[in-house]
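Participant: Here's a structure for you.
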Amino acid sequence: MKETKGENAKTWQDQTARRGKCDLTGWWENDLGSQMHIFSVNSQGDFRGEYHTAVSSAQKPIKPSPLHGSQHLDEDGQCTFGFTVNWKRFSDSTAVFVGQRFVDASKQEVLQTAWLLREKVDSLQDDWKATRVGRNVFTRMNFKEE
């Protein structure tokens, strides 16, 4: 598959924006180059996928990590959601993300998120340095079959 910003992508974005439905399935990329793939959202709003981080302080090679989450099934396209990423494949840390989906003026889907990352520390005295907080903006990655 090849990423495209062309007419097919615009048509898909227009259809999604017109429908108004909050559909998180698919590939998303954030401002740091990390990518996530949300496989499916069930009728209760629960979803699963994989997170491919572009940044890590771990000493081991980065590997895709499982994510599990839940979203509101809003019809206005601006649902809130949350998900957990367990970095167990290469790190002793876990992250939680919360956010909301928007469609901007150019009809591009945007996920505004905030996150907490908890790293394992060796003692209670080190607890003060174990949690990081941040924000990321994700945009949908559009692909075209070759």
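How things are named: the first chain in the structure tokens is A, the next is B, and so on; residues count from 1 in each chain; ligands count from 1 in the order shown.
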Residues within 9 Å of A:Leu24, please, as an MDAnalysis selection string. Count only C-alpha atoms; anything in the same chain fewer than 2 positions from it doesn't count.
Facilitator: chainID A and resid 22 26:28 38:41 47 71 101 140
Participant: Near A:Asp92, counting only C-alpha atoms, which residues have an atom at most 8 Å away, once you skip same-chain residues fewer than 3 positions from it, shown as number ranges by chain?
Facilitator: A: 87-88, 119-120
Participant: Kindly save the residues from that selection, with all heavy atoms included, as a PDB file, in the first residue's frame.
Facilitator:
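So the final result, stored in again.pdb, reads:
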ATOM      1  N   TRP A  87       3.850  -1.588  26.740  1.00  0.00           N
ATOM      2  CA  TRP A  87       5.113  -1.668  26.008  1.00  0.00           C
ATOM      3  C   TRP A  87       5.891  -2.933  26.384  1.00  0.00           C
ATOM      4  O   TRP A  87       7.103  -2.982  26.258  1.00  0.00           O
ATOM      5  CB  TRP A  87       5.962  -0.435  26.290  1.00  0.00           C
ATOM      6  CG  TRP A  87       5.242   0.852  26.095  1.00  0.00           C
ATOM      7  CD1 TRP A  87       4.819   1.702  27.065  1.00  0.00           C
ATOM      8  CD2 TRP A  87       4.841   1.449  24.862  1.00  0.00           C
ATOM      9  NE1 TRP A  87       4.185   2.788  26.513  1.00  0.00           N
ATOM     10  CE2 TRP A  87       4.183   2.668  25.162  1.00  0.00           C
ATOM     11  CE3 TRP A  87       4.970   1.078  23.519  1.00  0.00           C
ATOM     12  CZ2 TRP A  87       3.659   3.501  24.185  1.00  0.00           C
ATOM     13  CZ3 TRP A  87       4.444   1.921  22.540  1.00  0.00           C
ATOM     14  CH2 TRP A  87       3.802   3.113  22.881  1.00  0.00           C
ATOM     15  N   LYS A  88       5.204  -3.993  26.838  1.00  0.00           N
ATOM     16  CA  LYS A  88       5.844  -5.184  27.391  1.00  0.00           C
ATOM     17  C   LYS A  88       6.801  -5.884  26.435  1.00  0.00           C
ATOM     18  O   LYS A  88       7.649  -6.653  26.875  1.00  0.00           O
ATOM     19  CB  LYS A  88       4.794  -6.175  27.883  1.00  0.00           C
ATOM     20  CG  LYS A  88       3.894  -6.740  26.792  1.00  0.00           C
ATOM     21  CD  LYS A  88       2.813  -7.610  27.391  1.00  0.00           C
ATOM     22  CE  LYS A  88       1.818  -8.046  26.345  1.00  0.00           C
ATOM     23  NZ  LYS A  88       0.696  -8.740  26.938  1.00  0.00           N
ATOM     24  N   GLU A 119       6.705   4.426  33.932  1.00  0.00           N
ATOM     25  CA  GLU A 119       7.852   3.528  33.830  1.00  0.00           C
ATOM     26  C   GLU A 119       8.089   2.859  35.171  1.00  0.00           C
ATOM     27  O   GLU A 119       7.859   3.455  36.222  1.00  0.00           O
ATOM     28  CB  GLU A 119       9.110   4.302  33.430  1.00  0.00           C
ATOM     29  CG  GLU A 119       9.050   4.840  32.026  1.00  0.00           C
ATOM     30  CD  GLU A 119      10.332   5.533  31.616  1.00  0.00           C
ATOM     31  OE1 GLU A 119      10.695   6.525  32.260  1.00  0.00           O
ATOM     32  OE2 GLU A 119      10.955   5.037  30.657  1.00  0.00           O
ATOM     33  N   LYS A 120       8.548   1.620  35.121  1.00  0.00           N
ATOM     34  CA  LYS A 120       8.875   0.892  36.340  1.00  0.00           C
ATOM     35  C   LYS A 120      10.111   1.522  36.983  1.00  0.00           C
ATOM     36  O   LYS A 120      11.083   1.851  36.291  1.00  0.00           O
ATOM     37  CB  LYS A 120       9.156  -0.566  36.002  1.00  0.00           C
ATOM     38  CG  LYS A 120       9.476  -1.425  37.184  1.00  0.00           C
ATOM     39  CD  LYS A 120       9.721  -2.856  36.728  1.00  0.00           C
ATOM     40  CE  LYS A 120      10.142  -3.736  37.873  1.00  0.00           C
ATOM     41  NZ  LYS A 120      10.429  -5.095  37.388  1.00  0.00           N
TER      42      LYS A 120
END
Participant: Per DSSP on the backbone, filter stretch 33-140 of chain A down to the residues in strand (DSSP E) and report them as a PyMOL selection string.
Facilitator: chain A and resi 35-41+46-52+65-71+80-86+93-103+109-119+131-140
Participant: Which of these, A:Val133, A:Leu32, A:Val110, A:Leu116, has the shortest distance to A:Thr80 once you count only C-alpha atoms?
Facilitator: A:Val110
Participant: Using only C-alpha atoms, which protein or nucleic acid residues come within 6 Å of A:Thr113? Drop anything in the same chain fewer than 4 positions from it, and give the result as a list in words.
Facilitator: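 So, after excluding close chain neighbours, the residues are Val98, Gly99, Arg135 and Asn136 of chain A.
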Participant: Could you check how far atom CA of A:Met36 sits from atom CA of A:Met141, in Å to one decimal?
Facilitator: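 Pair atom CA of A:Met36 / atom CA of A:Met141 returns 9.7 Å.
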Participant: Figure out the distance between atom CA of A:Ser65 and atom CA of A:Glu50, please, to one decimal in Å.
Facilitator: 5.4 Å
Participant: What's the separation between atom CA of A:Asn142 and atom CA of A:Leu117, in Å to one decimal place?
Facilitator: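 One can read the atom CA of A:Asn142 to atom CA of A:Leu117 distance as 27.9 Å.
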